[in-house]
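Below is the file input_11.txt, which contains compact mmCIF, C-alpha atoms and all ligand atoms.
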# COMPACT_ATOMS: atom_id res chain seq x y z
CA MET F 352 -22.00 26.91 -43.89
CA LYS F 353 -21.81 23.40 -42.39
CA THR F 354 -19.23 20.75 -43.17
CA GLN F 355 -17.91 17.61 -41.53
CA VAL F 356 -14.19 18.54 -41.48
CA GLY F 357 -12.91 22.13 -41.47
CA ILE F 358 -9.28 22.31 -42.62
CA ILE F 359 -7.11 25.36 -41.95
CA GLY F 360 -4.30 25.55 -44.52
CA GLY F 361 -4.10 24.89 -48.24
CA GLY F 362 -0.54 23.57 -48.31
CA PRO F 363 0.35 19.93 -49.07
CA SER F 364 -1.06 18.62 -45.77
CA GLY F 365 -4.42 20.34 -45.98
CA LEU F 366 -4.91 19.67 -49.67
CA MET F 367 -3.93 16.00 -49.44
CA LEU F 368 -6.35 15.37 -46.57
CA SER F 369 -9.11 17.31 -48.32
CA GLN F 370 -8.69 15.24 -51.47
CA LEU F 371 -8.58 11.89 -49.66
CA LEU F 372 -11.66 12.70 -47.55
CA ASP F 373 -13.61 13.96 -50.57
CA LEU F 374 -12.89 10.69 -52.39
CA GLN F 375 -14.54 8.92 -49.46
CA GLY F 376 -17.55 11.24 -49.52
CA ILE F 377 -16.53 13.03 -46.33
CA ASP F 378 -17.44 16.69 -46.74
CA ASN F 379 -14.69 19.20 -45.99
CA VAL F 380 -13.67 22.80 -46.57
CA VAL F 381 -10.12 24.19 -46.81
CA LEU F 382 -9.44 27.76 -45.66
CA GLU F 383 -6.21 29.17 -47.11
CA LYS F 384 -4.79 32.55 -46.16
CA HIS F 385 -3.13 33.17 -49.51
CA SER F 386 -3.93 32.81 -53.20
CA ARG F 387 -3.15 29.57 -55.04
CA GLU F 388 -0.45 31.43 -56.99
CA TYR F 389 1.22 32.55 -53.77
CA VAL F 390 1.18 29.05 -52.32
CA LEU F 391 2.61 27.63 -55.55
CA GLY F 392 5.33 30.28 -55.54
CA ARG F 393 7.01 28.67 -52.55
CA ILE F 394 10.19 26.72 -53.29
CA ARG F 395 10.34 23.63 -51.10
CA ALA F 396 12.13 20.28 -51.02
CA GLY F 397 11.74 17.54 -53.55
CA VAL F 398 12.29 14.03 -52.16
CA LEU F 399 9.22 11.86 -51.56
CA GLU F 400 9.24 8.71 -49.47
CA HIS F 401 7.59 5.77 -51.22
CA GLY F 402 4.75 6.05 -48.65
CA PHE F 403 4.00 9.61 -49.72
CA ALA F 404 4.13 8.64 -53.38
CA ASP F 405 1.62 5.86 -52.66
CA LEU F 406 -0.65 8.36 -50.87
CA MET F 407 -0.53 10.66 -53.91
CA ARG F 408 -1.63 7.73 -56.07
CA GLU F 409 -4.41 6.82 -53.61
CA ALA F 410 -5.55 10.45 -53.77
CA GLN F 411 -5.72 10.11 -57.59
CA CYS F 412 -3.00 12.80 -57.86
CA GLY F 413 -0.01 10.68 -58.77
CA GLU F 414 -0.21 10.65 -62.59
CA ARG F 415 2.20 13.54 -63.29
CA MET F 416 4.47 12.49 -60.42
CA ASP F 417 4.77 9.01 -61.94
CA LYS F 418 5.38 10.53 -65.38
CA GLU F 419 7.78 13.35 -64.50
CA GLY F 420 9.18 12.33 -61.13
CA GLU F 421 12.46 10.41 -60.99
CA ILE F 422 12.88 7.20 -59.02
CA HIS F 423 16.17 7.34 -57.13
CA HIS F 424 17.63 4.09 -55.82
CA GLY F 425 20.47 5.78 -53.93
CA PHE F 426 22.37 8.97 -53.13
CA TYR F 427 25.99 9.94 -52.44
CA ILE F 428 27.82 11.18 -49.39
CA ALA F 429 30.86 13.23 -50.47
CA HIS F 430 33.71 13.52 -47.98
CA GLY F 431 37.52 13.66 -47.92
CA GLY F 432 37.74 14.49 -51.62
CA GLY F 433 35.71 11.47 -52.72
CA LYS F 434 32.18 10.13 -52.48
CA ASP F 435 30.42 6.95 -51.33
CA ARG F 436 27.08 5.79 -52.73
CA ILE F 437 24.33 4.85 -50.33
CA ASP F 438 22.38 2.01 -51.96
CA LEU F 439 18.82 2.64 -50.77
CA HIS F 440 17.34 -0.04 -53.00
CA GLY F 441 19.80 -2.70 -51.91
CA HIS F 442 19.59 -1.91 -48.21
CA THR F 443 15.79 -1.79 -48.04
CA GLY F 444 14.81 -4.82 -50.07
CA GLY F 445 13.88 -2.74 -53.11
CA ASN F 446 12.51 0.54 -51.78
CA SER F 447 13.47 3.93 -53.23
CA VAL F 448 12.43 7.58 -53.21
CA VAL F 449 10.76 9.77 -55.82
CA VAL F 450 12.44 13.08 -56.69
CA TYR F 451 9.58 15.44 -57.56
CA GLY F 452 9.31 19.09 -56.55
CA GLN F 453 6.88 19.91 -53.74
CA THR F 454 5.69 22.87 -55.78
CA GLU F 455 4.60 20.50 -58.57
CA LEU F 456 3.05 18.13 -56.06
CA THR F 457 1.04 20.98 -54.55
CA ARG F 458 -0.01 22.05 -58.04
CA ASP F 459 -1.24 18.51 -58.71
CA LEU F 460 -3.23 18.57 -55.47
CA TYR F 461 -4.82 21.92 -56.32
CA GLU F 462 -5.76 20.72 -59.79
CA ALA F 463 -7.28 17.55 -58.35
CA ARG F 464 -9.29 19.59 -55.84
CA GLU F 465 -10.54 21.83 -58.63
CA LYS F 466 -11.43 18.83 -60.83
CA MET F 467 -13.52 17.33 -58.00
CA GLY F 468 -15.15 20.65 -57.17
CA GLY F 469 -13.43 20.67 -53.80
CA LYS F 470 -14.13 23.62 -51.52
CA VAL F 471 -10.84 25.51 -51.13
CA ILE F 472 -11.43 29.11 -50.07
CA HIS F 473 -8.46 31.42 -50.71
CA ASN F 474 -7.46 34.83 -49.40
CA VAL F 475 -9.17 34.38 -46.04
CA ASP F 476 -8.17 36.50 -43.04
CA ASP F 477 -8.50 36.08 -39.28
CA VAL F 478 -9.35 32.39 -39.31
CA LYS F 479 -10.34 31.45 -35.77
CA PRO F 480 -11.31 28.03 -34.37
CA HIS F 481 -14.16 28.18 -31.84
CA ASN F 482 -15.62 25.70 -29.33
CA ILE F 483 -13.02 23.10 -30.25
CA THR F 484 -13.46 21.30 -26.91
CA THR F 485 -17.17 20.81 -27.60
CA ASP F 486 -19.01 18.58 -30.07
CA ALA F 487 -19.90 21.68 -32.10
CA PRO F 488 -16.66 23.36 -33.15
CA SER F 489 -16.66 26.07 -35.80
CA LEU F 490 -14.33 28.23 -37.82
CA THR F 491 -14.84 31.91 -38.51
CA TYR F 492 -12.93 33.86 -41.11
CA ARG F 493 -13.04 37.22 -42.80
CA GLN F 494 -13.15 38.03 -46.50
CA GLY F 495 -13.12 41.76 -47.02
CA ASP F 496 -15.51 43.20 -44.45
CA GLU F 497 -17.61 40.08 -44.19
CA VAL F 498 -17.11 37.58 -41.37
CA LYS F 499 -18.27 34.07 -42.20
CA CYS F 500 -18.73 30.96 -40.09
CA ILE F 501 -18.33 27.26 -40.83
CA ASP F 502 -19.84 24.75 -38.41
CA CYS F 503 -18.00 21.43 -38.45
CA ASP F 504 -17.55 18.17 -36.58
CA TYR F 505 -13.75 18.41 -36.57
CA VAL F 506 -11.09 21.06 -37.20
CA ILE F 507 -7.74 20.19 -38.78
CA GLY F 508 -4.84 22.55 -38.14
CA ALA F 509 -2.77 22.13 -41.32
CA ASP F 510 -1.70 25.78 -41.30
CA GLY F 511 2.03 25.35 -40.94
CA PHE F 512 4.49 26.48 -38.29
CA HIS F 513 3.25 30.06 -38.21
CA GLY F 514 -0.42 29.19 -38.38
CA VAL F 515 -3.22 29.92 -35.92
CA SER F 516 -4.25 26.41 -34.89
CA ARG F 517 -1.39 25.45 -32.57
CA LYS F 518 -1.51 28.89 -30.96
CA THR F 519 -5.20 28.36 -30.17
CA ILE F 520 -4.33 25.59 -27.72
CA PRO F 521 -3.97 26.87 -24.12
CA SER F 522 -0.31 26.93 -23.06
CA ASP F 523 -0.98 24.53 -20.19
CA LYS F 524 -2.43 21.97 -22.62
CA ILE F 525 0.49 21.81 -25.04
CA ARG F 526 4.23 21.12 -24.68
CA GLU F 527 6.71 22.30 -27.29
CA TYR F 528 10.15 20.82 -27.91
CA GLU F 529 12.59 22.88 -29.97
CA LYS F 530 16.22 22.71 -31.04
CA LEU F 531 17.84 25.48 -33.12
CA TYR F 532 20.98 24.85 -35.19
CA PRO F 533 23.83 27.39 -35.38
CA PHE F 534 23.68 27.71 -39.17
CA GLY F 535 21.31 27.99 -42.10
CA TRP F 536 21.05 26.73 -45.68
CA LEU F 537 21.56 29.07 -48.64
CA GLY F 538 19.59 27.52 -51.50
CA VAL F 539 19.81 28.26 -55.23
CA LEU F 540 17.52 27.08 -58.03
CA SER F 541 19.07 27.22 -61.51
CA ARG F 542 18.10 26.11 -65.02
CA THR F 543 21.18 23.91 -65.30
CA LYS F 544 21.80 20.20 -65.72
CA PRO F 545 22.20 18.51 -62.32
CA VAL F 546 25.84 17.75 -61.54
CA SER F 547 24.99 14.17 -60.52
CA PRO F 548 22.23 11.72 -61.51
CA GLU F 549 21.57 11.16 -57.78
CA LEU F 550 21.67 13.56 -54.83
CA VAL F 551 25.04 14.37 -53.27
CA TYR F 552 25.27 15.31 -49.57
CA ALA F 553 28.73 16.79 -48.94
CA LYS F 554 30.51 16.94 -45.57
CA HIS F 555 33.37 19.44 -45.80
CA GLU F 556 35.65 21.43 -43.51
CA ARG F 557 34.13 24.62 -44.96
CA GLY F 558 30.61 23.41 -44.32
CA PHE F 559 27.82 21.20 -45.67
CA ALA F 560 26.63 21.28 -49.28
CA LEU F 561 23.85 19.46 -51.13
CA CYS F 562 23.40 18.85 -54.85
CA SER F 563 19.77 18.11 -55.68
CA MET F 564 17.43 18.64 -58.60
CA ARG F 565 13.85 19.17 -59.75
CA SER F 566 14.37 17.70 -63.24
CA GLN F 567 17.18 17.07 -65.70
CA VAL F 568 17.13 20.79 -66.58
CA LEU F 569 16.44 22.30 -63.17
CA SER F 570 18.98 21.96 -60.35
CA ARG F 571 18.70 22.76 -56.66
CA TYR F 572 21.87 23.39 -54.64
CA TYR F 573 22.46 24.32 -51.00
CA ILE F 574 25.44 25.37 -48.91
CA GLN F 575 25.60 25.75 -45.13
CA VAL F 576 26.04 29.40 -44.13
CA PRO F 577 26.28 31.28 -40.80
CA LEU F 578 22.97 32.54 -39.40
CA THR F 579 24.31 36.07 -39.80
CA ASP F 580 24.54 35.77 -43.60
CA THR F 581 21.92 37.32 -45.87
CA VAL F 582 21.08 36.55 -49.49
CA GLU F 583 22.61 39.91 -50.40
CA ASP F 584 25.97 38.64 -49.13
CA TRP F 585 26.00 35.98 -51.83
CA SER F 586 26.33 36.81 -55.52
CA ASP F 587 25.71 33.91 -57.90
CA ASP F 588 29.45 33.76 -58.64
CA ALA F 589 30.29 33.63 -54.93
CA PHE F 590 27.76 30.84 -54.42
CA TRP F 591 29.05 28.69 -57.28
CA ALA F 592 32.67 29.21 -56.19
CA GLU F 593 31.88 28.12 -52.61
CA LEU F 594 29.83 25.14 -53.73
CA LYS F 595 32.74 23.96 -55.89
CA ARG F 596 35.13 24.25 -52.93
CA ARG F 597 32.94 21.84 -50.94
CA LEU F 598 32.58 19.20 -53.67
CA PRO F 599 35.02 16.49 -54.82
CA ALA F 600 37.12 17.65 -57.79
CA ASP F 601 35.26 15.56 -60.37
CA LEU F 602 31.92 17.12 -59.40
CA ALA F 603 33.37 20.63 -59.05
CA ASP F 604 34.83 20.35 -62.55
CA ALA F 605 31.57 19.02 -63.99
CA LEU F 606 29.31 21.57 -62.26
CA GLU F 607 27.22 23.54 -64.74
CA THR F 608 26.63 27.02 -63.32
CA GLY F 609 24.08 29.61 -64.37
CA PRO F 610 21.89 32.46 -63.12
CA SER F 611 19.92 31.75 -59.96
CA ILE F 612 16.16 31.86 -60.54
CA GLU F 613 15.57 31.61 -56.81
CA LYS F 614 17.95 32.24 -53.94
CA SER F 615 17.05 32.12 -50.25
CA ILE F 616 18.41 31.34 -46.79
CA ALA F 617 16.51 29.17 -44.32
CA PRO F 618 17.48 28.58 -40.67
CA LEU F 619 17.46 24.97 -39.43
CA ARG F 620 15.12 24.02 -36.63
CA SER F 621 13.77 20.87 -34.95
CA PHE F 622 10.35 21.32 -33.37
CA VAL F 623 7.55 19.12 -32.03
CA ALA F 624 4.30 20.14 -30.30
CA GLU F 625 2.56 17.56 -28.12
CA PRO F 626 -0.19 16.43 -28.13
CA MET F 627 -1.35 16.78 -31.73
CA ARG F 628 -4.99 16.87 -30.66
CA TYR F 629 -6.94 19.31 -28.49
CA GLY F 630 -10.62 18.60 -28.17
CA ASN F 631 -11.92 18.13 -31.71
CA MET F 632 -8.97 19.91 -33.34
CA PHE F 633 -6.15 17.84 -34.81
CA LEU F 634 -2.75 19.26 -35.82
CA ALA F 635 -1.01 17.94 -38.92
CA GLY F 636 2.23 18.68 -40.79
CA ASP F 637 4.28 21.78 -40.10
CA ALA F 638 1.62 23.04 -37.68
CA ALA F 639 2.84 20.36 -35.27
CA HIS F 640 6.45 19.64 -36.22
CA ILE F 641 9.45 20.93 -38.13
CA VAL F 642 12.67 19.14 -39.06
CA PRO F 643 15.97 20.43 -40.47
CA PRO F 644 15.84 19.69 -44.24
CA THR F 645 18.92 17.45 -44.18
CA GLY F 646 16.97 14.22 -44.16
CA ALA F 647 14.21 15.48 -46.50
CA ARG F 648 11.64 14.53 -43.84
CA GLY F 649 9.48 17.70 -43.78
CA LEU F 650 6.78 16.85 -46.29
CA ASN F 651 7.17 13.15 -45.60
CA SER F 652 6.40 13.67 -41.90
CA ALA F 653 3.23 15.50 -42.91
CA ALA F 654 2.31 12.50 -45.06
CA SER F 655 2.03 10.09 -42.15
CA ASP F 656 -0.08 12.56 -40.17
CA ILE F 657 -2.46 12.82 -43.12
CA TYR F 658 -2.49 9.04 -43.59
CA TYR F 659 -3.48 8.49 -39.94
CA LEU F 660 -6.10 11.28 -39.96
CA TYR F 661 -7.60 10.08 -43.23
CA HIS F 662 -8.09 6.51 -41.98
CA ALA F 663 -9.33 7.73 -38.60
CA MET F 664 -11.97 9.95 -40.22
CA VAL F 665 -13.10 7.16 -42.55
CA ASP F 666 -13.41 4.76 -39.59
CA HIS F 667 -15.40 7.37 -37.67
CA TYR F 668 -17.84 8.32 -40.39
CA LYS F 669 -18.24 4.91 -42.05
CA LYS F 670 -17.87 2.47 -39.13
CA GLY F 671 -18.59 4.59 -36.06
CA ASP F 672 -15.15 3.51 -34.83
CA ASP F 673 -13.24 6.32 -33.06
CA THR F 674 -10.14 4.30 -32.20
CA GLY F 675 -8.06 6.05 -34.86
CA LEU F 676 -9.12 9.51 -33.69
CA GLU F 677 -8.47 8.64 -30.06
CA ASN F 678 -5.01 7.24 -30.88
CA TYR F 679 -4.07 9.80 -33.55
CA SER F 680 -1.71 11.93 -31.47
CA LYS F 681 0.12 8.97 -29.95
CA THR F 682 0.40 7.16 -33.31
CA ALA F 683 1.50 10.23 -35.25
CA LEU F 684 4.03 11.33 -32.64
CA ALA F 685 5.64 7.87 -32.51
CA ARG F 686 6.59 8.22 -36.18
CA ILE F 687 7.27 11.96 -35.98
CA TRP F 688 9.91 11.48 -33.28
CA LYS F 689 11.65 8.86 -35.40
CA ALA F 690 11.79 11.38 -38.25
CA GLN F 691 13.05 13.99 -35.79
CA ARG F 692 15.82 11.64 -34.66
CA PHE F 693 16.87 10.82 -38.21
CA SER F 694 16.88 14.47 -39.30
CA TRP F 695 18.89 15.49 -36.23
CA TRP F 696 21.35 12.61 -36.76
CA MET F 697 21.91 13.36 -40.46
CA THR F 698 22.30 17.09 -39.71
CA THR F 699 24.79 16.37 -36.92
CA LEU F 700 26.72 13.95 -39.13
CA LEU F 701 27.22 16.26 -42.11
CA HIS F 702 27.44 19.87 -40.94
CA LYS F 703 30.34 21.93 -39.61
CA PHE F 704 29.47 22.94 -36.02
CA PRO F 705 31.36 26.15 -35.24
CA ASP F 706 31.40 25.53 -31.48
CA ASN F 707 32.51 21.89 -31.64
CA ILE F 708 35.51 20.99 -29.49
CA PRO F 709 38.12 18.80 -31.28
CA TYR F 710 36.75 15.70 -29.55
CA ASP F 711 33.29 16.36 -31.08
CA ASP F 712 34.83 16.69 -34.53
CA LYS F 713 36.58 13.33 -34.06
CA LEU F 714 33.31 11.71 -33.00
CA GLN F 715 31.57 13.17 -36.06
CA GLN F 716 34.23 11.78 -38.39
CA THR F 717 34.11 8.43 -36.60
CA ASP F 718 30.32 8.34 -36.98
CA LEU F 719 30.74 8.76 -40.73
CA GLU F 720 33.48 6.12 -40.94
CA TYR F 721 31.38 3.70 -38.91
CA LEU F 722 28.34 4.35 -41.14
CA LEU F 723 30.25 3.64 -44.32
CA SER F 724 31.84 0.48 -42.91
CA SER F 725 28.73 -1.13 -41.39
CA GLU F 726 25.94 -2.90 -43.27
CA ALA F 727 23.74 -2.46 -40.19
CA ALA F 728 24.36 1.29 -40.08
CA LEU F 729 23.78 1.66 -43.81
CA THR F 730 20.55 -0.33 -43.52
CA SER F 731 19.40 1.97 -40.73
CA LEU F 732 20.17 5.07 -42.79
CA ALA F 733 18.46 3.62 -45.85
CA GLU F 734 15.26 2.49 -44.10
CA ASN F 735 14.85 5.94 -42.54
CA TYR F 736 15.58 7.78 -45.78
CA VAL F 737 13.08 5.79 -47.91
CA GLY F 738 10.56 6.15 -45.10
CA LEU F 739 9.65 4.04 -42.08
CA PRO F 740 6.29 2.27 -42.34
CA PHE F 741 3.15 4.32 -41.61
N1 LIG V 801 -5.32 30.85 -41.99
C1 LIG V 801 -5.38 30.18 -43.19
N2 LIG V 801 -4.31 29.61 -43.78
C2 LIG V 801 -3.13 29.70 -43.12
C3 LIG V 801 -2.99 30.36 -41.88
C4 LIG V 801 -4.15 30.95 -41.31
N3 LIG V 801 -4.09 31.59 -40.14
N4 LIG V 801 -1.68 30.29 -41.50
C5 LIG V 801 -1.04 29.60 -42.46
N5 LIG V 801 -1.90 29.25 -43.44
C6 LIG V 801 -1.59 28.49 -44.67
C7 LIG V 801 -0.29 28.89 -45.33
O1 LIG V 801 -0.47 29.99 -46.22
C8 LIG V 801 0.12 27.60 -46.05
O2 LIG V 801 -0.33 27.61 -47.39
O3 LIG V 801 -1.41 27.12 -44.29
C9 LIG V 801 -0.57 26.49 -45.26
C10 LIG V 801 0.44 25.61 -44.51
O4 LIG V 801 1.24 24.95 -45.50
P1 LIG V 801 2.76 24.51 -45.18
O5 LIG V 801 3.42 25.56 -44.38
O6 LIG V 801 3.38 24.11 -46.50
O7 LIG V 801 2.62 23.25 -44.24
P2 LIG V 801 2.10 21.78 -44.61
O8 LIG V 801 0.93 21.81 -45.52
O9 LIG V 801 2.03 21.06 -43.32
O10 LIG V 801 3.28 21.16 -45.49
C11 LIG V 801 4.46 20.73 -44.87
O11 LIG V 801 5.55 21.98 -46.53
O12 LIG V 801 6.49 23.86 -45.59
C12 LIG V 801 6.77 22.64 -46.13
O13 LIG V 801 8.77 21.89 -45.14
C13 LIG V 801 7.40 21.78 -45.10
O14 LIG V 801 7.66 20.06 -46.58
C14 LIG V 801 6.89 20.49 -45.48
C15 LIG V 801 5.49 20.72 -45.94
C1 LIG V 802 15.74 19.53 -52.26
O1 LIG V 802 15.79 19.02 -53.40
O2 LIG V 802 15.30 20.69 -52.06
C2 LIG V 802 16.21 18.71 -51.08
C3 LIG V 802 16.57 17.38 -51.29
C4 LIG V 802 17.01 16.62 -50.22
C5 LIG V 802 17.10 17.20 -48.96
C6 LIG V 802 16.75 18.54 -48.75
C7 LIG V 802 16.31 19.30 -49.83
O3 LIG V 802 17.56 16.45 -47.91
Could you spell out this file's structure in structure tokens?
Amino acid sequence: MKTQVGIIGGGPSGLMLSQLLDLQGIDNVVLEKHSREYVLGRIRAGVLEHGFADLMREAQCGERMDKEGEIHHGFYIAHGGGKDRIDLHGHTGGNSVVVYGQTELTRDLYEAREKMGGKVIHNVDDVKPHNITTDAPSLTYRQGDEVKCIDCDYVIGADGFHGVSRKTIPSDKIREYEKLYPFGWLGVLSRTKPVSPELVYAKHERGFALCSMRSQVLSRYYIQVPLTDTVEDWSDDAFWAELKRRLPADLADALETGPSIEKSIAPLRSFVAEPMRYGNMFLAGDAAHIVPPTGARGLNSAASDIYYLYHAMVDHYKKGDDTGLENYSKTALARIWKAQRFSWWMTTLLHKFPDNIPYDDKLQQTDLEYLLSSEAALTSLAENYVGLPF
């Protein structure tokens, strides 16, 4: 098989790029390790920057998002028994975010791919990039006992943190930056009415908590837990009781509890691999970078990678202009590191750090007090949260 762009990974990054390229008549193939059902079974975050929402519309995948997604003009920071609203709309000249589950977004992308007859090949094993430093790269993969080969002009590594693409790059050609946090997030999905019309990020002596949602009948809650905790340590009742302890009384009293339909613990990590290009292979999304979920930057960071790659590929194939491809890594990393900074800052601001000395705790509290008292600080928070320009 021959294609112009071979994409490893059928998650949001790979699917979005595949759809955008197809709309421009640029031939591509997506190789996905798992079934569509498996991919859609993943529970992920649900806050889209306005830039990502625009990209979904450009990819002709935004109809359900616009119908079912919720526009949020702000969120709350709960602390000291009360809460302060962060006015995103007011501090960014009218920008907001869209609350729409990543699972639904990925479903929309799969359905759009299917409608266009896009080539997404599922249940592939042993995907391997070959000759990526030549002008004739290829991908091999196995289905059952048969090994198949796809010749392509470019390879896109959109295969997530544990994928094969980044690991294909020789260790002396790539530099990895990583920061691990001394806690994780225990997340619960429940068919309950969200406790607040907008998200609530809670800073509490007992640890961080977050009240989010997927719809008006599907809530998503998180509490910070030690890395040693397991899901088995947390009954639904224990989770709800701890969440209530970390919320202001009015929210704790109003919290509608119910059976968890999903419960999981995720560690928090910051990670960046540089450069995001090796030969004719380009890394995008989680394959190249990971952020702690506090700032809801994960999917949104992938969006800017895809935006840059999409325009670079169009310029290459339609104008013979390779400037975008040549500058991709530098351009993408400039925005990625800003998302890394914001995610680190918001995580540091709101979580209980077990090894903090008292001075650190005072600085953390002062950072919050400064934020809530400064228009400049609030504007900085808001412009990062709604999404810096691509
Ligand atoms: N071969 C083929 N497919 C692979 C391989 C492989 N060797 N390794 C991983 N994959 C697939 C995974 O099964 C997954 O479906 O690549 C896809 C990568 O998708 P994601 O991990 O979702 O990464 P990405 O598409 O960049 O989306 C980033 O998703 O994980 C969240 O927090 C993340 O919100 C962010 C967004
Ligand atoms: C979520 O809804 O899963 C979510 C929302 C905001 C975050 C992180 C996760 O910052």
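Using all atoms listed in the file, the contacts of range 551-559 of chain F at a cut-off of 7 Å, with sequence neighbours closer than 2 positions omitted, comprise Phe426, Tyr427, Ile428, Ala429, His430, Glu549, Leu561, Cys562, Ser563, Ile574, Gln575, Arg597, Leu598, Leu701, His702 and Lys703 of chain F.
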Review point. What's the 9 Å shell around Arg648 in chain F, counting all atoms listed in the file, without same-chain residues fewer than 3 positions away, as a list in words?
Key: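 Near Arg648 in chain F, the qualifying residues are Val398, Leu399, Glu400, Ile641, Val642, Pro643, Pro644, Thr645, Asn651, Ser652, Ala653, Ala690, Gln691, Phe693, Ser694, Tyr736 and Gly738 of chain F.
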Check your understanding: What separation in Å, quoted to one decimal, exists between CA of Ser621 in chain F and CA of Leu366 in chain F?
Key ->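 According to the coordinates, CA of Ser621 in chain F and CA of Leu366 in chain F are separated by 23.8 Å.
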Correct to one decimal, the distance CA of Met407 in chain F-CA of Tyr661 in chain F is 12.8 Å
- [ ] Would you work out the distance separating CA of Ala624 in chain F from CA of Gly508 in chain F, expressed in Å to one decimal?
- [x]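 According to the coordinates, CA of Ala624 in chain F and CA of Gly508 in chain F are separated by 12.3 Å.
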**Request:** Write out as a list in words the residues lying within 6 Å of range 608-612 of chain F, counting all atoms listed in the file and excluding same-chain residues fewer than 3 positions away.
**Result:**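 Here the answer would be Val539, Leu540 and Ser541 of chain F.
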**Request:** Scan for residues within 12 Å of the point (4.5, 29.6, -38.0) in the coordinates of the file, using all atoms listed in the file, and reply as JSON, numbers by chain.
**Result:** {"F": [360, 508, 509, 510, 511, 512, 513, 514, 515, 516, 517, 518, 622, 636, 637, 638, 639, 640, 641]}
* Find the residues near range 415-421 of chain F: any atom within 10 Å, counting only C-alpha atoms, skip ones fewer than 6 places away on the same chain, and give them as number ranges by chain. => F: 397-399, 404, 407-408, 448-452, 455-456, 459, 548-549, 564-567
* **Expected answer as number ranges by chain: all residues with atoms within 10 Å of (25.6, 28.2, -42.0), all atoms listed in the file** => F: 532-537, 557-559, 574-580, 616-619, 702-705
C-alpha atoms of the current selection, written as a PDB file, in the coordinates of the input:
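Full text of out-v9.pdb as output:
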ATOM      1  CA  TYR F 532      20.980  24.850 -35.190  1.00  0.00           C
ATOM      2  CA  PRO F 533      23.830  27.390 -35.380  1.00  0.00           C
ATOM      3  CA  PHE F 534      23.680  27.710 -39.170  1.00  0.00           C
ATOM      4  CA  GLY F 535      21.310  27.990 -42.100  1.00  0.00           C
ATOM      5  CA  TRP F 536      21.050  26.730 -45.680  1.00  0.00           C
ATOM      6  CA  LEU F 537      21.560  29.070 -48.640  1.00  0.00           C
ATOM      7  CA  ARG F 557      34.130  24.620 -44.960  1.00  0.00           C
ATOM      8  CA  GLY F 558      30.610  23.410 -44.320  1.00  0.00           C
ATOM      9  CA  PHE F 559      27.820  21.200 -45.670  1.00  0.00           C
ATOM     10  CA  ILE F 574      25.440  25.370 -48.910  1.00  0.00           C
ATOM     11  CA  GLN F 575      25.600  25.750 -45.130  1.00  0.00           C
ATOM     12  CA  VAL F 576      26.040  29.400 -44.130  1.00  0.00           C
ATOM     13  CA  PRO F 577      26.280  31.280 -40.800  1.00  0.00           C
ATOM     14  CA  LEU F 578      22.970  32.540 -39.400  1.00  0.00           C
ATOM     15  CA  THR F 579      24.310  36.070 -39.800  1.00  0.00           C
ATOM     16  CA  ASP F 580      24.540  35.770 -43.600  1.00  0.00           C
ATOM     17  CA  ILE F 616      18.410  31.340 -46.790  1.00  0.00           C
ATOM     18  CA  ALA F 617      16.510  29.170 -44.320  1.00  0.00           C
ATOM     19  CA  PRO F 618      17.480  28.580 -40.670  1.00  0.00           C
ATOM     20  CA  LEU F 619      17.460  24.970 -39.430  1.00  0.00           C
ATOM     21  CA  HIS F 702      27.440  19.870 -40.940  1.00  0.00           C
ATOM     22  CA  LYS F 703      30.340  21.930 -39.610  1.00  0.00           C
ATOM     23  CA  PHE F 704      29.470  22.940 -36.020  1.00  0.00           C
ATOM     24  CA  PRO F 705      31.360  26.150 -35.240  1.00  0.00           C
TER      25      PRO F 705
END
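Proximity ranking of F:Asp435, F:Asp378, F:Glu383, F:Glu625 relative to Pro599 in chain F places F:Asp435 first, based on all atoms listed in the file.
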Next on the checklist: At a cut-off of 8 Å, using all atoms listed in the file, what residues contact His424 in chain F? Leave out same-chain residues fewer than 4 positions from it and give the result as a PyMOL selection string.
Outcome noted: chain F and resi 438-440+446-448
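When all atoms listed in the file are used to compute distances to ligand LIG 802 (chain V), the closest of the residues F:Tyr658, F:Tyr679, F:Tyr721, F:Trp695 turns out to be F:Trp695.
If all atoms listed in the file are the atoms counted, then among F:Ala647, F:Ile708, F:Ala728, F:Val623 the closest residue to Leu684 in chain F is F:Val623.
Ranking F:Leu569, F:Ile394, F:Ala654, F:Val546 by their shortest atom-to-atom distance to Pro740 in chain F, with all atoms listed in the file included, puts F:Ala654 first.
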With distances taken over only C-alpha atoms and all ligand atoms, the candidate from F:Gly425, F:Asp504, F:Ser724, F:Ile687 nearest ligand LIG 802 (chain V) is F:Gly425
